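Peer 1: Enclosed is the structure file run18.cif (mmCIF, C-alpha atoms and all ligand atoms).
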```
data_protein
loop_
_atom_site.label_atom_id
_atom_site.label_comp_id
_atom_site.auth_asym_id
_atom_site.auth_seq_id
_atom_site.Cartn_x
_atom_site.Cartn_y
_atom_site.Cartn_z
CA MET A 29 -18.29 -15.51 -15.25
CA TYR A 30 -18.15 -11.74 -15.08
CA VAL A 31 -15.49 -9.29 -16.30
CA MET A 32 -15.20 -5.55 -15.76
CA GLY A 33 -13.72 -2.63 -17.68
CA VAL A 34 -13.00 0.61 -15.84
CA ASP A 35 -12.27 3.83 -17.75
CA ILE A 36 -10.72 6.49 -15.51
CA GLY A 37 -10.67 9.81 -17.33
CA SER A 38 -9.82 13.34 -16.31
CA ALA A 39 -13.49 14.36 -16.12
CA SER A 40 -15.35 11.16 -15.30
CA SER A 41 -15.05 7.51 -14.22
CA LYS A 42 -16.90 4.80 -16.09
CA ALA A 43 -17.36 1.05 -15.54
CA VAL A 44 -18.97 -1.78 -17.51
CA ILE A 45 -19.52 -5.41 -16.43
CA LEU A 46 -20.00 -8.14 -19.07
CA THR A 47 -21.37 -11.65 -18.62
CA ALA A 48 -19.92 -14.87 -20.10
CA ALA A 49 -22.22 -14.22 -23.08
CA ARG A 50 -20.60 -10.76 -23.50
CA LYS A 51 -23.87 -9.07 -22.53
CA MET A 52 -23.76 -5.89 -20.47
CA ALA A 53 -24.77 -6.79 -16.89
CA GLY A 54 -24.05 -3.39 -15.35
CA GLN A 55 -22.75 0.07 -16.17
CA ALA A 56 -21.94 3.26 -14.28
CA VAL A 57 -20.79 6.81 -15.01
CA VAL A 58 -19.58 9.07 -12.19
CA ALA A 59 -18.90 12.69 -13.15
CA VAL A 60 -15.47 12.92 -11.46
CA GLY A 61 -12.30 11.29 -12.71
CA THR A 62 -8.78 10.36 -11.66
CA GLY A 63 -7.54 11.49 -8.26
CA SER A 64 -11.08 11.56 -6.81
CA SER A 65 -13.54 9.08 -5.29
CA GLY A 66 -14.94 8.64 -8.83
CA PRO A 67 -13.19 5.39 -9.83
CA ALA A 68 -14.16 3.54 -6.62
CA ARG A 69 -17.73 4.87 -6.82
CA ALA A 70 -18.07 3.84 -10.49
CA VAL A 71 -16.91 0.31 -9.61
CA GLU A 72 -19.30 0.10 -6.65
CA GLN A 73 -22.28 1.41 -8.65
CA CYS A 74 -21.50 -0.95 -11.53
CA LEU A 75 -21.31 -3.98 -9.19
CA ASP A 76 -24.63 -2.92 -7.63
CA ALA A 77 -26.22 -2.55 -11.08
CA ALA A 78 -25.04 -6.06 -12.02
CA GLY A 79 -26.11 -7.43 -8.62
CA ILE A 80 -22.72 -9.09 -7.94
CA SER A 81 -19.78 -8.66 -5.53
CA ASP A 82 -16.22 -7.85 -6.60
CA GLY A 83 -15.20 -11.42 -5.68
CA GLU A 84 -17.29 -12.64 -8.62
CA LEU A 85 -15.20 -10.73 -11.16
CA SER A 86 -12.82 -13.00 -13.09
CA TYR A 87 -10.76 -10.20 -14.65
CA VAL A 88 -10.61 -6.39 -14.52
CA VAL A 89 -9.01 -4.13 -17.16
CA ALA A 90 -8.42 -0.44 -16.46
CA THR A 91 -8.05 2.18 -19.17
CA GLY A 92 -8.02 5.97 -19.44
CA TYR A 93 -5.73 8.71 -18.27
CA GLY A 94 -5.85 7.52 -14.62
CA ARG A 95 -5.48 3.78 -15.28
CA ILE A 96 -1.98 3.51 -13.79
CA ASN A 97 -3.13 4.78 -10.38
CA PHE A 98 -6.10 2.39 -10.17
CA PRO A 99 -5.27 -0.44 -7.75
CA GLY A 100 -8.04 -2.89 -8.62
CA ALA A 101 -7.04 -3.95 -12.16
CA ASP A 102 -5.42 -7.14 -13.47
CA LYS A 103 -4.18 -5.26 -16.54
CA GLN A 104 -3.96 -1.72 -17.93
CA VAL A 105 -4.68 -1.01 -21.58
CA SER A 106 -4.46 2.30 -23.49
CA GLU A 107 -7.69 4.19 -24.14
CA ILE A 108 -6.93 4.24 -27.87
CA THR A 109 -7.12 0.43 -28.00
CA CYS A 110 -10.19 0.35 -25.73
CA HIS A 111 -12.14 3.01 -27.66
CA ALA A 112 -11.32 1.26 -30.93
CA ARG A 113 -12.48 -2.08 -29.53
CA GLY A 114 -15.61 -0.60 -27.95
CA VAL A 115 -16.65 1.17 -31.15
CA PHE A 116 -15.79 -1.70 -33.51
CA SER A 117 -17.71 -4.25 -31.41
CA GLN A 118 -20.86 -2.18 -31.89
CA CYS A 119 -20.22 -0.75 -35.38
CA PRO A 120 -17.93 -3.02 -37.47
CA GLN A 121 -18.23 -0.62 -40.41
CA ALA A 122 -16.29 2.05 -38.41
CA ARG A 123 -13.03 3.16 -40.06
CA THR A 124 -12.50 6.57 -38.43
CA ILE A 125 -13.25 7.34 -34.76
CA ILE A 126 -13.35 10.77 -33.17
CA ASP A 127 -13.10 10.65 -29.37
CA ILE A 128 -13.64 13.91 -27.50
CA GLY A 129 -13.16 13.59 -23.75
CA GLY A 130 -12.68 15.91 -20.82
CA GLN A 131 -9.11 16.97 -21.48
CA ASP A 132 -8.09 15.58 -24.85
CA SER A 133 -9.40 14.76 -28.28
CA LYS A 134 -8.26 11.93 -30.54
CA VAL A 135 -8.81 10.67 -34.04
CA ILE A 136 -8.23 6.96 -34.65
CA THR A 137 -8.35 5.04 -37.92
CA LEU A 138 -9.15 1.34 -38.13
CA ALA A 139 -8.34 -1.48 -40.54
CA ASP A 140 -11.12 -3.71 -41.84
CA ASN A 141 -10.48 -6.14 -38.95
CA GLY A 142 -10.79 -3.38 -36.34
CA THR A 143 -7.10 -2.97 -35.48
CA VAL A 144 -5.80 0.58 -35.00
CA THR A 145 -3.86 1.81 -38.03
CA ARG A 146 -3.21 5.44 -37.02
CA PHE A 147 -4.11 7.86 -34.28
CA ILE A 148 -3.51 11.48 -33.49
CA MET A 149 -4.18 13.24 -30.21
CA ASN A 150 -4.51 16.78 -28.89
CA ASP A 151 -3.72 16.71 -25.18
CA LYS A 152 -1.68 19.91 -25.03
CA CYS A 153 -4.48 22.43 -25.03
CA ALA A 154 -8.05 22.66 -23.62
CA ALA A 155 -9.42 24.08 -26.89
CA GLY A 156 -11.08 21.24 -28.78
CA THR A 157 -11.96 19.27 -25.62
CA GLY A 158 -14.80 18.87 -23.12
CA ARG A 159 -12.92 21.17 -20.75
CA PHE A 160 -13.46 24.06 -23.18
CA LEU A 161 -17.21 23.34 -23.15
CA GLU A 162 -17.23 23.18 -19.36
CA VAL A 163 -15.47 26.57 -19.07
CA MET A 164 -17.97 28.13 -21.49
CA ALA A 165 -20.98 26.52 -19.75
CA ARG A 166 -19.79 28.14 -16.52
CA VAL A 167 -19.61 31.54 -18.22
CA PHE A 168 -23.18 31.04 -19.53
CA GLU A 169 -24.25 29.81 -16.04
CA VAL A 170 -25.73 26.60 -17.47
CA ASN A 171 -24.96 22.89 -17.17
CA VAL A 172 -22.65 21.48 -19.85
CA GLU A 173 -25.48 19.05 -20.80
CA ASP A 174 -27.59 22.07 -21.86
CA MET A 175 -25.08 23.64 -24.27
CA ALA A 176 -26.53 21.88 -27.34
CA SER A 177 -30.13 22.92 -26.67
CA ILE A 178 -29.00 26.53 -26.15
CA ALA A 179 -26.98 26.55 -29.39
CA ALA A 180 -29.97 25.05 -31.23
CA HIS A 181 -31.70 28.47 -30.93
CA ALA A 182 -28.85 30.30 -32.70
CA THR A 183 -29.78 32.52 -35.63
CA GLU A 184 -26.14 33.11 -36.55
CA ILE A 185 -22.82 31.62 -35.52
CA VAL A 186 -20.58 34.08 -33.67
CA ASP A 187 -16.94 33.48 -34.48
CA VAL A 188 -14.98 32.58 -31.33
CA SER A 189 -11.56 33.31 -32.77
CA SER A 190 -9.21 32.92 -29.78
CA THR A 191 -7.33 29.65 -30.06
CA CYS A 192 -6.49 29.56 -26.33
CA ALA A 193 -9.28 28.51 -23.92
CA VAL A 194 -8.33 31.24 -21.44
CA PHE A 195 -8.47 34.00 -24.09
CA ALA A 196 -11.64 32.47 -25.59
CA GLU A 197 -13.29 32.72 -22.16
CA SER A 198 -12.49 36.48 -22.05
CA GLU A 199 -13.72 36.83 -25.64
CA VAL A 200 -17.04 35.15 -24.78
CA ILE A 201 -17.47 37.26 -21.63
CA SER A 202 -16.99 40.46 -23.64
CA ARG A 203 -19.45 39.26 -26.32
CA LEU A 204 -22.06 38.60 -23.62
CA ALA A 205 -21.37 42.03 -22.08
CA SER A 206 -21.96 43.70 -25.45
CA GLY A 207 -25.38 42.01 -25.73
CA THR A 208 -24.69 39.19 -28.22
CA LYS A 209 -27.22 36.35 -27.90
CA THR A 210 -26.03 33.44 -25.72
CA SER A 211 -27.30 30.93 -28.30
CA ASP A 212 -25.25 32.52 -31.10
CA ILE A 213 -22.10 32.48 -28.95
CA ALA A 214 -22.79 28.85 -27.90
CA ALA A 215 -23.00 27.90 -31.59
CA GLY A 216 -19.65 29.67 -32.06
CA VAL A 217 -18.15 27.69 -29.16
CA HIS A 218 -19.25 24.44 -30.82
CA GLN A 219 -17.82 25.57 -34.14
CA SER A 220 -14.51 26.47 -32.49
CA ILE A 221 -14.19 22.96 -30.96
CA ALA A 222 -15.30 21.33 -34.23
CA ARG A 223 -12.63 23.26 -36.20
CA ARG A 224 -9.90 22.05 -33.86
CA VAL A 225 -11.00 18.43 -34.01
CA ALA A 226 -11.66 18.56 -37.78
CA ALA A 227 -8.06 19.75 -38.29
CA LEU A 228 -6.82 16.66 -36.39
CA ALA A 229 -9.09 14.39 -38.44
CA THR A 230 -7.88 15.88 -41.70
CA ARG A 231 -4.27 15.31 -40.67
CA VAL A 232 -4.82 11.64 -39.88
CA GLY A 233 -6.97 11.06 -42.98
CA ILE A 234 -10.71 10.36 -42.97
CA GLN A 235 -12.24 7.13 -44.19
CA PRO A 236 -15.97 6.36 -43.92
CA GLU A 237 -17.74 5.38 -41.78
CA MET A 238 -16.90 7.96 -39.20
CA LEU A 239 -18.11 7.55 -35.62
CA ILE A 240 -17.86 9.78 -32.59
CA THR A 241 -17.36 8.61 -29.02
CA GLY A 242 -16.46 10.09 -25.61
CA GLY A 243 -18.58 12.23 -23.30
CA VAL A 244 -18.71 15.18 -25.71
CA ALA A 245 -20.41 12.97 -28.35
CA GLN A 246 -23.56 13.45 -26.25
CA ASN A 247 -23.58 17.07 -27.40
CA GLN A 248 -25.57 17.09 -30.66
CA GLY A 249 -24.37 20.64 -31.40
CA ILE A 250 -20.76 19.45 -31.56
CA VAL A 251 -21.69 16.49 -33.79
CA ALA A 252 -23.55 18.80 -36.21
CA ALA A 253 -20.70 21.35 -36.21
CA LEU A 254 -18.18 18.57 -36.96
CA GLU A 255 -20.35 17.27 -39.82
CA ALA A 256 -20.43 20.81 -41.24
CA GLU A 257 -16.64 21.21 -40.93
CA LEU A 258 -15.79 17.80 -42.38
CA GLN A 259 -18.64 17.65 -44.90
CA CYS A 260 -19.48 14.05 -44.00
CA ASN A 261 -21.91 12.05 -41.87
CA ILE A 262 -20.85 11.19 -38.35
CA LYS A 263 -22.68 8.52 -36.34
CA VAL A 264 -22.79 8.67 -32.56
CA VAL A 265 -21.80 5.37 -30.93
CA PRO A 266 -24.53 4.06 -28.57
CA PHE A 267 -23.77 5.24 -24.99
CA PRO A 268 -20.64 7.11 -26.17
CA GLN A 269 -19.30 7.90 -22.70
CA LEU A 270 -19.11 4.15 -21.93
CA THR A 271 -17.18 3.10 -25.04
CA GLY A 272 -13.72 3.01 -23.39
CA ALA A 273 -15.03 0.97 -20.43
CA LEU A 274 -16.79 -1.39 -22.83
CA GLY A 275 -13.56 -1.86 -24.81
CA ALA A 276 -11.70 -2.54 -21.55
CA ALA A 277 -14.34 -5.10 -20.50
CA LEU A 278 -14.06 -6.82 -23.92
CA THR A 279 -10.27 -6.96 -23.43
CA ALA A 280 -10.84 -8.53 -19.99
CA TYR A 281 -13.16 -11.08 -21.60
CA GLU A 282 -10.49 -12.01 -24.17
CA GLU A 283 -7.89 -12.42 -21.38
CA VAL A 284 -10.15 -14.89 -19.56
CA MET A 285 -10.77 -16.82 -22.80
CA ARG A 286 -7.00 -16.96 -23.46
CA GLN A 287 -6.30 -18.25 -19.93
CA ASP A 288 -8.94 -20.98 -20.40
CA GLU A 289 -7.39 -22.24 -23.66
P1 LIG A 301 -12.78 11.71 -19.81
O1 LIG A 301 -12.87 10.26 -20.24
O2 LIG A 301 -11.62 12.43 -20.38
O3 LIG A 301 -12.92 11.87 -18.33
P2 LIG A 301 -15.44 11.93 -20.96
O4 LIG A 301 -15.30 11.11 -22.21
O5 LIG A 301 -16.21 11.35 -19.84
O6 LIG A 301 -14.02 12.44 -20.47
O7 LIG A 301 -16.08 13.34 -21.39
C1 LIG A 301 -16.27 14.36 -20.45
C2 LIG A 301 -16.85 15.55 -21.16
O8 LIG A 301 -18.11 15.17 -21.74
C3 LIG A 301 -17.18 16.69 -20.24
O9 LIG A 301 -16.08 17.57 -20.18
C4 LIG A 301 -18.39 17.35 -20.89
O10 LIG A 301 -17.94 18.38 -21.77
C5 LIG A 301 -18.99 16.26 -21.75
N1 LIG A 301 -20.27 15.74 -21.26
C6 LIG A 301 -20.45 14.88 -20.21
N2 LIG A 301 -21.76 14.58 -20.07
C7 LIG A 301 -22.41 15.23 -21.05
C8 LIG A 301 -23.81 15.31 -21.45
N3 LIG A 301 -24.77 14.65 -20.79
N4 LIG A 301 -24.10 16.09 -22.51
C9 LIG A 301 -23.14 16.74 -23.19
N5 LIG A 301 -21.83 16.72 -22.86
C10 LIG A 301 -21.47 15.97 -21.82
#
```
Spit out the file's structure as structure tokens when you get a sec.
Ligand code: ADP

Peer 2:
Amino acid sequence: MYVMGVDIGSASSKAVILTAARKMAGQAVVAVGTGSSGPARAVEQCLDAAGISDGELSYVVATGYGRINFPGADKQVSEITCHARGVFSQCPQARTIIDIGGQDSKVITLADNGTVTRFIMNDKCAAGTGRFLEVMARVFEVNVEDMASIAAHATEIVDVSSTCAVFAESEVISRLASGTKTSDIAAGVHQSIARRVAALATRVGIQPEMLITGGVAQNQGIVAALEAELQCNIKVVPFPQLTGALGAALTAYEEVMRQDE
């Protein structure tokens, strides 16, 4: 028996296949999201990785921003539920989850049994999301994956004060033009995102342990900046970009178990 979770975001498409023993048989991340070939490619790559055909899947759950437009799912589940499930299955001590994706950021709190107690989301503005990092990486002419290693060379943190991503881009361009070090500005970009997300976390209320998930959790500079803003330890979930797809696959597994009862 195999089940699949598909997480269709704004920036990327992810898929995870689990076996009857709830072991990961395949996984895939494609760096384009809803409205592109990304979802179909993620499914295909995940099936290839697991060495199975789609006919062998007992149940498919879709999550993420683009889940409604995905034709191949038996059920759609919100990404808040799926991230919570994906994190809690790996880290049962998690009580607060920060999820920073391509176009939104969320803070979720969990009860001792892993159910969601509260969540808060910023999806109105690119500041505080992966999109902001992508815009800045383009200005620096680097890949978004390299932002953390660039910021690691900072000797001071340049304040990026504009709260709008469009104005912040102009601010960064003028800083570069006046000769400010790229690494110092990159550290300021991380701090700017961390401040936004920390404000959300403070509003929802932080309880330890705090974990971070989503594609941006792969940026160690953001994790460190968030720890500095919130004055607490933050653990990165293993394979953070796959957490939503894992939670969706676990939901699919539970559906199959329920049907068999
Ligand atoms: P969504 O689910 O909204 O599509 P993701 O959770 O996949 O978004 O996160 C996408 C964001 O993750 C990108 O905007 C980018 O900023 C960041 N990202 C993706 N890969 C990496 C990486 N290898 N290192 C650092 N950041 C990354």

Peer 1: As number ranges by chain, please: the residues near Pro236 of chain A (cut-off 8 Å, all atoms listed in the file, same-chain neighbours under 2 positions excluded).

Peer 2: A: 122-124, 234, 238

Peer 1: For each of A:Leu228, A:Ile126, A:Ile185, A:Val57, take the minimum atom-to-atom distance to Asn150 of chain A, counting only C-alpha atoms, then give the residue where this is smallest.

Peer 2: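 The answer is A:Leu228, which sits nearest to Asn150 of chain A.
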
Peer 1: Do you have the atom CA of Val225 of chain A-atom CA of Asp132 of chain A distance handy?

Peer 2: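 Atom CA of Asp132 of chain A lies at a distance of 10.0 Å from atom CA of Val225 of chain A.
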
Peer 1: Residues up to 7 Å from ligand LIG 301 (chain A), counting all atoms listed in the file: could you list those as a list in words?

Peer 2: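 Counting all atoms listed in the file, the residues within 7 Å of ligand LIG 301 (chain A) come out as Asp35, Ile36, Gly37, Ser38, Ala39, Ser40, Ser41, Gly61, Gly92, Ile128, Gly129, Gly130, Gln131, Asp132, Gly158, Arg159, Leu161, Glu162, Val172, Glu173, Asp174, Gly242, Gly243, Val244, Ala245, Gln246, Asn247 and Gln269 of chain A.
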
Peer 1: Show me, as a ChimeraX atom specification, the residues that have an atom within 8 Å of segment 199-207 of chain A when counting all atoms listed in the file, minus same-chain residues fewer than 3 positions from it.

Peer 2: /A:164,167,188,190,195-196,210,213

Peer 1: Counting all atoms listed in the file, note down every residue that has an atom within 12 Å of the point (-12.2, 18.8, -36.1) (file coordinates), as a PyMOL selection string.

Peer 2: chain A and resi 125-128+133-135+148-150+155-157+218-234+240+250-260+262

Peer 1: Those same residues, written as a PDB file, in the frame of the given file with C-alpha atoms?

Peer 2:
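Once everything was written out, this is result26.pdb:
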```pdb
ATOM      1  CA  ILE A 125     -13.250   7.340 -34.760  1.00  0.00           C
ATOM      2  CA  ILE A 126     -13.350  10.770 -33.170  1.00  0.00           C
ATOM      3  CA  ASP A 127     -13.100  10.650 -29.370  1.00  0.00           C
ATOM      4  CA  ILE A 128     -13.640  13.910 -27.500  1.00  0.00           C
ATOM      5  CA  SER A 133      -9.400  14.760 -28.280  1.00  0.00           C
ATOM      6  CA  LYS A 134      -8.260  11.930 -30.540  1.00  0.00           C
ATOM      7  CA  VAL A 135      -8.810  10.670 -34.040  1.00  0.00           C
ATOM      8  CA  ILE A 148      -3.510  11.480 -33.490  1.00  0.00           C
ATOM      9  CA  MET A 149      -4.180  13.240 -30.210  1.00  0.00           C
ATOM     10  CA  ASN A 150      -4.510  16.780 -28.890  1.00  0.00           C
ATOM     11  CA  ALA A 155      -9.420  24.080 -26.890  1.00  0.00           C
ATOM     12  CA  GLY A 156     -11.080  21.240 -28.780  1.00  0.00           C
ATOM     13  CA  THR A 157     -11.960  19.270 -25.620  1.00  0.00           C
ATOM     14  CA  HIS A 218     -19.250  24.440 -30.820  1.00  0.00           C
ATOM     15  CA  GLN A 219     -17.820  25.570 -34.140  1.00  0.00           C
ATOM     16  CA  SER A 220     -14.510  26.470 -32.490  1.00  0.00           C
ATOM     17  CA  ILE A 221     -14.190  22.960 -30.960  1.00  0.00           C
ATOM     18  CA  ALA A 222     -15.300  21.330 -34.230  1.00  0.00           C
ATOM     19  CA  ARG A 223     -12.630  23.260 -36.200  1.00  0.00           C
ATOM     20  CA  ARG A 224      -9.900  22.050 -33.860  1.00  0.00           C
ATOM     21  CA  VAL A 225     -11.000  18.430 -34.010  1.00  0.00           C
ATOM     22  CA  ALA A 226     -11.660  18.560 -37.780  1.00  0.00           C
ATOM     23  CA  ALA A 227      -8.060  19.750 -38.290  1.00  0.00           C
ATOM     24  CA  LEU A 228      -6.820  16.660 -36.390  1.00  0.00           C
ATOM     25  CA  ALA A 229      -9.090  14.390 -38.440  1.00  0.00           C
ATOM     26  CA  THR A 230      -7.880  15.880 -41.700  1.00  0.00           C
ATOM     27  CA  ARG A 231      -4.270  15.310 -40.670  1.00  0.00           C
ATOM     28  CA  VAL A 232      -4.820  11.640 -39.880  1.00  0.00           C
ATOM     29  CA  GLY A 233      -6.970  11.060 -42.980  1.00  0.00           C
ATOM     30  CA  ILE A 234     -10.710  10.360 -42.970  1.00  0.00           C
ATOM     31  CA  ILE A 240     -17.860   9.780 -32.590  1.00  0.00           C
ATOM     32  CA  ILE A 250     -20.760  19.450 -31.560  1.00  0.00           C
ATOM     33  CA  VAL A 251     -21.690  16.490 -33.790  1.00  0.00           C
ATOM     34  CA  ALA A 252     -23.550  18.800 -36.210  1.00  0.00           C
ATOM     35  CA  ALA A 253     -20.700  21.350 -36.210  1.00  0.00           C
ATOM     36  CA  LEU A 254     -18.180  18.570 -36.960  1.00  0.00           C
ATOM     37  CA  GLU A 255     -20.350  17.270 -39.820  1.00  0.00           C
ATOM     38  CA  ALA A 256     -20.430  20.810 -41.240  1.00  0.00           C
ATOM     39  CA  GLU A 257     -16.640  21.210 -40.930  1.00  0.00           C
ATOM     40  CA  LEU A 258     -15.790  17.800 -42.380  1.00  0.00           C
ATOM     41  CA  GLN A 259     -18.640  17.650 -44.900  1.00  0.00           C
ATOM     42  CA  CYS A 260     -19.480  14.050 -44.000  1.00  0.00           C
ATOM     43  CA  ILE A 262     -20.850  11.190 -38.350  1.00  0.00           C
TER      44      ILE A 262
END
```

Peer 1: Can you list, as a PyMOL selection string, every protein, DNA or RNA residue that comes within 10 Å of Ala112 of chain A when you count all atoms listed in the file, leaving out same-chain residues fewer than 2 positions away?

Peer 2: chain A and resi 107-110+114-117+122-127+136-138+142-144+241+271-272+275

Peer 1: Any idea what the distance is between atom CA of Ser177 of chain A and atom CA of Gly249 of chain A?

Peer 2: 7.8 Å

Peer 1: Rounded to one decimal, what separation in Å do you get between atom CA of Glu197 of chain A and atom CA of Gly216 of chain A?

Peer 2: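 Going from atom CA of Glu197 of chain A over to atom CA of Gly216 of chain A, I get 12.2 Å.
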
Peer 1: Rank A:Ile45, A:Ala179, A:Val105, A:Cys192 by their smallest atom-to-atom distance to Ile80 of chain A, using all atoms listed in the file, and report the top residue only.

Peer 2: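 Counting all atoms listed in the file, the residue closest to Ile80 of chain A is A:Ile45.
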
Peer 1: May I have the residues within 10 Å of Asp76 of chain A as a ChimeraX atom specification, using only C-alpha atoms and disregarding those fewer than 5 positions away in the same chain?

Peer 2: /A:54-56,70-71,81-82

Peer 1: Could you take the residues named above and write them with C-alpha atoms, as a short mmCIF file (atom, residue, chain, number, x, y, z; two decimals), keeping the file's coordinate frame?

Peer 2:
```
data_model
loop_
_atom_site.label_atom_id
_atom_site.label_comp_id
_atom_site.auth_asym_id
_atom_site.auth_seq_id
_atom_site.Cartn_x
_atom_site.Cartn_y
_atom_site.Cartn_z
CA GLY A 54 -24.05 -3.39 -15.35
CA GLN A 55 -22.75 0.07 -16.17
CA ALA A 56 -21.94 3.26 -14.28
CA ALA A 70 -18.07 3.84 -10.49
CA VAL A 71 -16.91 0.31 -9.61
CA SER A 81 -19.78 -8.66 -5.53
CA ASP A 82 -16.22 -7.85 -6.60
#
```

Peer 1: For each of A:Pro268, A:Tyr87, A:Asn141, A:Ala165, take the minimum atom-to-atom distance to Gln287 of chain A, counting all atoms listed in the file, then give the residue where this is smallest.

Peer 2: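 The answer is A:Tyr87, which sits nearest to Gln287 of chain A.
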